[in-house]
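Enquirer: Sending over coords-v1.cif (mmCIF, C-alpha atoms).
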data_upload
#
loop_
_atom_site.group_PDB
_atom_site.id
_atom_site.type_symbol
_atom_site.label_atom_id
_atom_site.label_comp_id
_atom_site.auth_asym_id
_atom_site.auth_seq_id
_atom_site.Cartn_x
_atom_site.Cartn_y
_atom_site.Cartn_z
ATOM 1 C CA MET P 117 71.456 17.055 -57.924
ATOM 2 C CA SER P 118 74.914 18.417 -58.651
ATOM 3 C CA ASP P 119 76.558 20.205 -55.743
ATOM 4 C CA MET P 120 78.597 22.609 -57.891
ATOM 5 C CA LEU P 121 77.534 24.857 -60.770
ATOM 6 C CA LEU P 122 80.438 25.930 -63.002
ATOM 7 C CA ASP P 123 80.074 29.166 -64.946
ATOM 8 C CA THR P 124 81.823 30.368 -68.080
ATOM 9 C CA THR P 125 84.712 32.048 -66.271
ATOM 10 C CA LEU P 126 85.878 28.780 -64.699
ATOM 11 C CA LEU P 127 85.644 26.828 -67.943
ATOM 12 C CA SER P 128 87.393 29.497 -69.991
ATOM 13 C CA ASN P 129 90.263 29.865 -67.507
ATOM 14 C CA PHE P 130 91.081 26.166 -67.624
ATOM 15 C CA ALA P 131 90.479 26.048 -71.377
ATOM 16 C CA HIS P 132 93.043 28.795 -71.937
ATOM 17 C CA VAL P 133 95.742 26.673 -70.290
ATOM 18 C CA GLN P 134 94.444 23.488 -71.976
ATOM 19 C CA ARG P 135 93.841 21.755 -68.640
ATOM 20 C CA PRO P 136 90.127 20.999 -68.306
ATOM 21 C CA ASP P 137 91.257 17.680 -66.839
ATOM 22 C CA LEU P 138 92.447 19.501 -63.734
ATOM 23 C CA LEU P 139 89.080 21.137 -63.264
ATOM 24 C CA ARG P 140 87.470 17.722 -63.553
ATOM 25 C CA LEU P 141 89.943 16.327 -61.033
ATOM 26 C CA ALA P 142 89.113 19.060 -58.524
ATOM 27 C CA VAL P 143 85.319 18.970 -58.745
ATOM 28 C CA GLY P 144 84.827 15.277 -59.411
ATOM 29 C CA ALA P 145 81.388 14.024 -60.356
ATOM 30 C CA GLU P 146 79.604 16.638 -58.281
ATOM 31 C CA ALA P 147 79.768 19.430 -60.876
ATOM 32 C CA ALA P 148 77.482 20.493 -63.690
ATOM 33 C CA THR P 149 76.790 23.538 -65.796
ATOM 34 C CA THR P 150 73.838 25.064 -67.626
ATOM 35 C CA PRO P 151 72.834 25.408 -71.294
ATOM 36 C CA ALA P 152 73.662 29.131 -71.365
ATOM 37 C CA VAL P 153 77.203 28.483 -70.127
ATOM 38 C CA MET P 154 77.825 25.904 -72.838
ATOM 39 C CA ASP P 155 76.346 28.285 -75.422
ATOM 40 C CA GLU P 156 78.815 30.962 -74.285
ATOM 41 C CA ILE P 157 81.751 28.542 -74.386
ATOM 42 C CA GLN P 158 80.823 27.262 -77.849
ATOM 43 C CA ALA P 159 80.392 30.817 -79.115
ATOM 44 C CA GLY P 160 83.842 31.660 -77.760
ATOM 45 C CA GLU P 161 85.332 28.619 -79.459
ATOM 46 C CA HIS P 162 83.659 29.540 -82.755
ATOM 47 C CA LEU P 163 85.126 33.054 -82.564
ATOM 48 C CA GLN P 164 88.504 31.591 -81.515
ATOM 49 C CA LEU P 165 88.352 33.499 -78.245
ATOM 50 C CA VAL P 166 88.538 30.295 -76.207
ATOM 51 C CA PRO P 167 90.477 27.145 -77.154
ATOM 52 C CA ALA P 168 88.279 24.181 -78.003
ATOM 53 C CA CYS P 169 88.259 21.569 -75.236
ATOM 54 C CA ASP P 170 86.410 18.358 -74.485
ATOM 55 C CA TRP P 171 83.703 19.167 -71.946
ATOM 56 C CA SER P 172 81.758 15.957 -72.527
ATOM 57 C CA TRP P 173 82.445 14.891 -68.932
ATOM 58 C CA LEU P 174 80.543 17.908 -67.573
ATOM 59 C CA PRO P 175 76.760 17.390 -67.317
ATOM 60 C CA VAL P 176 74.538 20.146 -68.704
ATOM 61 C CA ILE P 177 71.421 20.309 -66.573
ATOM 62 C CA GLU P 178 67.999 21.446 -67.683
ATOM 63 C CA LEU P 179 66.478 24.275 -65.699
ATOM 64 C CA THR P 180 62.970 24.035 -64.328
ATOM 65 C CA ASP P 181 60.424 26.663 -65.324
ATOM 66 C CA ASP P 182 60.836 28.338 -61.938
ATOM 67 C CA GLU P 183 64.625 28.402 -62.352
ATOM 68 C CA ARG P 184 64.341 29.912 -65.829
ATOM 69 C CA GLN P 185 62.039 32.587 -64.479
ATOM 70 C CA ALA P 186 64.416 33.313 -61.610
ATOM 71 C CA ALA P 187 67.411 33.477 -63.976
ATOM 72 C CA ALA P 188 65.589 35.953 -66.203
ATOM 73 C CA GLY P 189 65.375 38.348 -63.274
ATOM 74 C CA VAL P 190 69.068 38.188 -62.347
ATOM 75 C CA PRO P 191 71.050 41.243 -63.566
ATOM 76 C CA LEU P 192 74.013 39.191 -64.809
ATOM 77 C CA GLY P 193 75.087 37.444 -67.998
ATOM 78 C CA ARG P 194 72.994 34.470 -69.088
ATOM 79 C CA GLY P 195 75.480 31.880 -67.908
ATOM 80 C CA GLU P 196 76.005 33.407 -64.483
ATOM 81 C CA SER P 197 72.267 34.021 -64.092
ATOM 82 C CA GLU P 198 71.360 30.405 -64.835
ATOM 83 C CA CYS P 199 74.052 28.997 -62.560
ATOM 84 C CA LEU P 200 73.074 31.333 -59.749
ATOM 85 C CA ALA P 201 69.375 30.516 -60.097
ATOM 86 C CA VAL P 202 70.057 26.774 -60.018
ATOM 87 C CA ALA P 203 72.485 27.038 -57.092
ATOM 88 C CA GLN P 204 69.935 28.993 -55.099
ATOM 89 C CA ALA P 205 67.002 26.733 -55.952
ATOM 90 C CA ARG P 206 68.824 23.452 -55.344
ATOM 91 C CA GLY P 207 71.110 24.413 -52.479
ATOM 92 C CA GLY P 208 74.253 24.154 -54.577
ATOM 93 C CA THR P 209 77.560 25.992 -54.823
ATOM 94 C CA LEU P 210 78.432 28.489 -57.555
ATOM 95 C CA LEU P 211 81.969 28.358 -58.943
ATOM 96 C CA SER P 212 82.670 31.697 -60.587
ATOM 97 C CA ASP P 213 85.289 34.402 -61.014
ATOM 98 C CA ASP P 214 82.752 37.007 -62.114
ATOM 99 C CA PHE P 215 82.864 39.745 -59.472
ATOM 100 C CA ALA P 216 79.199 40.734 -59.757
ATOM 101 C CA ALA P 217 78.084 37.098 -59.648
ATOM 102 C CA ARG P 218 80.263 36.397 -56.621
ATOM 103 C CA ARG P 219 78.963 39.439 -54.772
ATOM 104 C CA LEU P 220 75.328 38.535 -55.468
ATOM 105 C CA ALA P 221 75.923 34.897 -54.518
ATOM 106 C CA ARG P 222 77.388 35.914 -51.178
ATOM 107 C CA HIS P 223 74.430 38.238 -50.600
ATOM 108 C CA LEU P 224 72.115 35.270 -51.166
ATOM 109 C CA GLY P 225 74.133 33.034 -48.856
ATOM 110 C CA ILE P 226 75.524 30.869 -51.671
ATOM 111 C CA SER P 227 79.081 29.554 -51.361
ATOM 112 C CA VAL P 228 81.202 30.827 -54.246
ATOM 113 C CA PRO P 229 84.770 29.584 -54.674
ATOM 114 C CA GLY P 230 86.538 30.222 -57.972
ATOM 115 C CA THR P 231 89.668 29.480 -59.984
ATOM 116 C CA LEU P 232 92.047 30.241 -57.115
ATOM 117 C CA GLY P 233 90.102 27.897 -54.866
ATOM 118 C CA VAL P 234 90.326 25.148 -57.479
ATOM 119 C CA LEU P 235 94.086 25.632 -57.898
ATOM 120 C CA GLN P 236 94.622 25.626 -54.143
ATOM 121 C CA THR P 237 92.532 22.475 -53.841
ATOM 122 C CA LEU P 238 94.737 20.765 -56.426
ATOM 123 C CA VAL P 239 97.892 21.850 -54.591
ATOM 124 C CA GLN P 240 96.588 20.742 -51.195
ATOM 125 C CA ALA P 241 95.588 17.355 -52.658
ATOM 126 C CA GLY P 242 99.064 16.883 -54.134
ATOM 127 C CA HIS P 243 97.937 16.966 -57.762
ATOM 128 C CA LEU P 244 99.973 20.110 -58.497
ATOM 129 C CA SER P 245 103.080 21.652 -57.019
ATOM 130 C CA LEU P 246 102.962 25.317 -56.073
ATOM 131 C CA ASP P 247 105.208 26.120 -59.017
ATOM 132 C CA GLU P 248 102.928 24.235 -61.408
ATOM 133 C CA ALA P 249 99.859 25.995 -60.036
ATOM 134 C CA ASP P 250 101.558 29.378 -60.326
ATOM 135 C CA HIS P 251 102.534 28.596 -63.924
ATOM 136 C CA LEU P 252 98.915 27.788 -64.761
ATOM 137 C CA LEU P 253 97.716 30.908 -62.967
ATOM 138 C CA ALA P 254 100.175 33.036 -64.945
ATOM 139 C CA GLY P 255 98.828 31.540 -68.168
ATOM 140 C CA MET P 256 95.270 32.339 -67.148
ATOM 141 C CA ILE P 257 96.220 35.901 -66.238
ATOM 142 C CA SER P 258 97.908 36.345 -69.616
ATOM 143 C CA HIS P 259 94.568 35.489 -71.242
ATOM 144 C CA GLY P 260 92.605 38.017 -69.246
ATOM 145 C CA TYR P 261 91.848 36.406 -65.891
ATOM 146 C CA ARG P 262 91.662 39.219 -63.334
ATOM 147 C CA SER P 263 93.243 37.343 -60.479
ATOM 148 C CA PRO P 264 93.412 39.177 -57.145
ATOM 149 C CA VAL P 265 96.812 37.566 -56.527
ATOM 150 C CA ARG P 266 99.792 36.627 -58.642
ATOM 151 C CA SER P 267 100.348 33.296 -56.944
ATOM 152 C CA SER P 268 98.063 30.366 -56.237
ATOM 153 C CA GLY P 269 97.799 31.174 -52.534
ATOM 154 C CA THR P 270 95.611 33.731 -50.852
ATOM 155 C CA CYS P 271 96.356 36.359 -48.266
ATOM 156 C CA SER P 272 94.703 36.303 -44.882
ATOM 157 C CA LEU P 273 91.620 38.483 -44.957
ATOM 158 C CA ASN P 274 92.344 39.743 -41.434
ATOM 159 C CA ARG P 275 96.120 40.011 -41.356
ATOM 160 C CA ILE P 276 98.385 40.757 -44.318
ATOM 161 C CA PRO P 277 102.009 39.691 -43.681
ATOM 162 C CA ALA P 278 105.089 41.395 -45.016
ATOM 163 C CA PRO P 279 104.964 42.082 -48.782
ATOM 164 C CA GLY P 280 105.740 39.082 -50.925
ATOM 165 C CA ARG P 281 104.817 36.411 -48.389
ATOM 166 C CA LEU P 282 101.657 34.711 -47.137
ATOM 167 C CA SER P 283 101.115 33.092 -43.773
ATOM 168 C CA ARG P 284 97.699 31.467 -44.000
ATOM 169 C CA LEU P 285 95.117 30.038 -46.362
ATOM 170 C CA VAL P 286 91.423 30.749 -46.107
ATOM 171 C CA PRO P 287 88.972 28.142 -44.769
ATOM 172 C CA GLY P 288 87.890 25.243 -46.981
ATOM 173 C CA LEU P 289 84.473 24.540 -48.430
ATOM 174 C CA SER P 290 83.270 20.980 -47.871
ATOM 175 C CA SER P 291 81.212 18.953 -50.310
ATOM 176 C CA PRO P 292 79.884 15.568 -49.124
ATOM 177 C CA ARG P 293 81.350 13.508 -51.952
ATOM 178 C CA ALA P 294 83.724 15.761 -53.869
ATOM 179 C CA ALA P 295 87.127 17.188 -53.038
ATOM 180 C CA THR P 296 87.276 20.094 -50.616
ATOM 181 C CA LEU P 297 87.307 23.405 -52.455
ATOM 182 C CA ILE P 298 89.040 26.353 -50.859
ATOM 183 C CA HIS P 299 87.358 29.749 -50.865
ATOM 184 C CA ASP P 300 88.951 32.488 -52.936
ATOM 185 C CA PRO P 301 89.655 35.895 -51.422
ATOM 186 C CA ASP P 302 87.413 38.862 -52.113
ATOM 187 C CA ASP P 303 89.078 40.845 -54.927
ATOM 188 C CA ARG P 304 88.791 44.105 -53.019
ATOM 189 C CA GLN P 305 90.623 42.790 -49.947
ATOM 190 C CA ILE P 306 93.757 41.343 -51.511
ATOM 191 C CA PRO P 307 96.732 43.339 -52.849
ATOM 192 C CA HIS P 308 97.940 42.326 -56.307
ATOM 193 C CA ASN P 309 101.527 41.638 -55.230
ATOM 194 C CA CYS P 310 100.770 38.779 -52.823
ATOM 195 C CA HIS P 311 102.607 35.481 -53.056
ATOM 196 C CA ILE P 312 102.111 32.204 -51.288
ATOM 197 C CA GLN P 313 104.109 30.899 -48.364
ATOM 198 C CA ARG P 314 104.690 27.174 -48.302
ATOM 199 C CA THR P 315 102.534 25.989 -45.415
ATOM 200 C CA GLY P 316 103.197 22.279 -45.486
ATOM 201 C CA GLY P 317 99.725 21.395 -46.669
ATOM 202 C CA THR P 318 97.898 22.799 -43.646
ATOM 203 C CA ILE P 319 94.772 24.875 -44.114
ATOM 204 C CA ALA P 320 94.656 27.372 -41.266
ATOM 205 C CA HIS P 321 91.228 28.678 -40.311
ATOM 206 C CA GLU P 322 90.405 32.328 -39.742
#
Written as structure tokens, how would this file's structure read?
Expert:
Amino acid sequence: MSDMLLDTTLLSNFAHVQRPDLLRLAVGAEAATTPAVMDEIQAGEHLQLVPACDWSWLPVIELTDDERQAAAGVPLGRGESECLAVAQARGGTLLSDDFAARRLARHLGISVPGTLGVLQTLVQAGHLSLDEADHLLAGMISHGYRSPVRSSGTCSLNRIPAPGRLSRLVPGLSSPRAATLIHDPDDRQIPHNCHIQRTGGTIAHE
């Protein structure tokens, strides 16, 4: 069983900056996706909406009949619906930047980090500098990613510091065998002009 289900938004964000290797580095061998997600990615590549990338490292799992039936009843896109159904049925985590999918996942008690959480994980692990992460984030935003922040950090959900600075990161999400993924902020709670404060690699808990 894969711990993490990656939807189309995650794959397309890292495809747009030609760094699927970083996504692989962050999620390790504990990630997978679904047939509908790969169909959406391949359709995007065919229409030249998404750069072609090598996703051969990412397993594509087959849904059970019960999971297919559950996905059919989810009011989301096919990719998000399949990932959500599998995450719920198998006790996994959904990685998504789709607002509706994130909201429904939280309602169902499913952990749902996203692109910002992946970038923060890479920074905390020393694989990227803050400047490198911000450069990647800017590239994703330029291709349509609706990021709630303009830097690879997140604002405190309970206390927003002076404009332009951040004081804390949100709590991490633990996976038994993969790297720790940091939760993203809720889009509605974070102003768009936030920037990260250099915290020396410490993840402060709420």
Enquirer: Given the file shown, determine the residues that the PyMOL selection byres ((chain P and resi 128-135) around 7) selects; report them as a list in words.
Expert: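 Evaluating the PyMOL selection byres ((chain P and resi 128-135) around 7) on these coordinates yields Thr124, Thr125, Leu126, Leu127, Pro136, Asp137, Leu138, Leu139, Val166, Pro167, Cys169, Leu252, Gly255, Met256, His259 and Tyr261 of chain P.
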Enquirer: Please, could you write that set of residues out with C-alpha atoms as a tab-separated table (two decimals), in the coordinates of the input?
Expert:
chain	number	residue	atom	x	y	z
P	124	THR	CA	81.82	30.37	-68.08
P	125	THR	CA	84.71	32.05	-66.27
P	126	LEU	CA	85.88	28.78	-64.70
P	127	LEU	CA	85.64	26.83	-67.94
P	136	PRO	CA	90.13	21.00	-68.31
P	137	ASP	CA	91.26	17.68	-66.84
P	138	LEU	CA	92.45	19.50	-63.73
P	139	LEU	CA	89.08	21.14	-63.26
P	166	VAL	CA	88.54	30.30	-76.21
P	167	PRO	CA	90.48	27.14	-77.15
P	169	CYS	CA	88.26	21.57	-75.24
P	252	LEU	CA	98.92	27.79	-64.76
P	255	GLY	CA	98.83	31.54	-68.17
P	256	MET	CA	95.27	32.34	-67.15
P	259	HIS	CA	94.57	35.49	-71.24
P	261	TYR	CA	91.85	36.41	-65.89
Enquirer: Name the residues that the PyMOL selection byres ((chain P and resi 175-181) around 12) picks from the file above, as an NGL selection string, using the file's chain letters and numbers.
Expert: :P and (117-123 or 140 or 144-155 or 171-174 or 182-188 or 195 or 197-203 or 205-206)
Enquirer: If I take CA of Val228 in chain P and CA of Leu211 in chain P, how far is one from the other in Å, to one decimal?
Expert: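 A separation of 5.4 Å between them.
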Enquirer: At what distance in Å, to one decimal, does CA of Asp213 in chain P lie from CA of Arg262 in chain P?
Expert: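 Answer for the CA of Arg262 in chain P to CA of Asp213 in chain P separation: 8.3 Å.
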Enquirer: I'd like the interatomic distance between CA of Asp214 in chain P and CA of Gly230 in chain P, to a tenth of an Å.
Expert: 8.8 Å
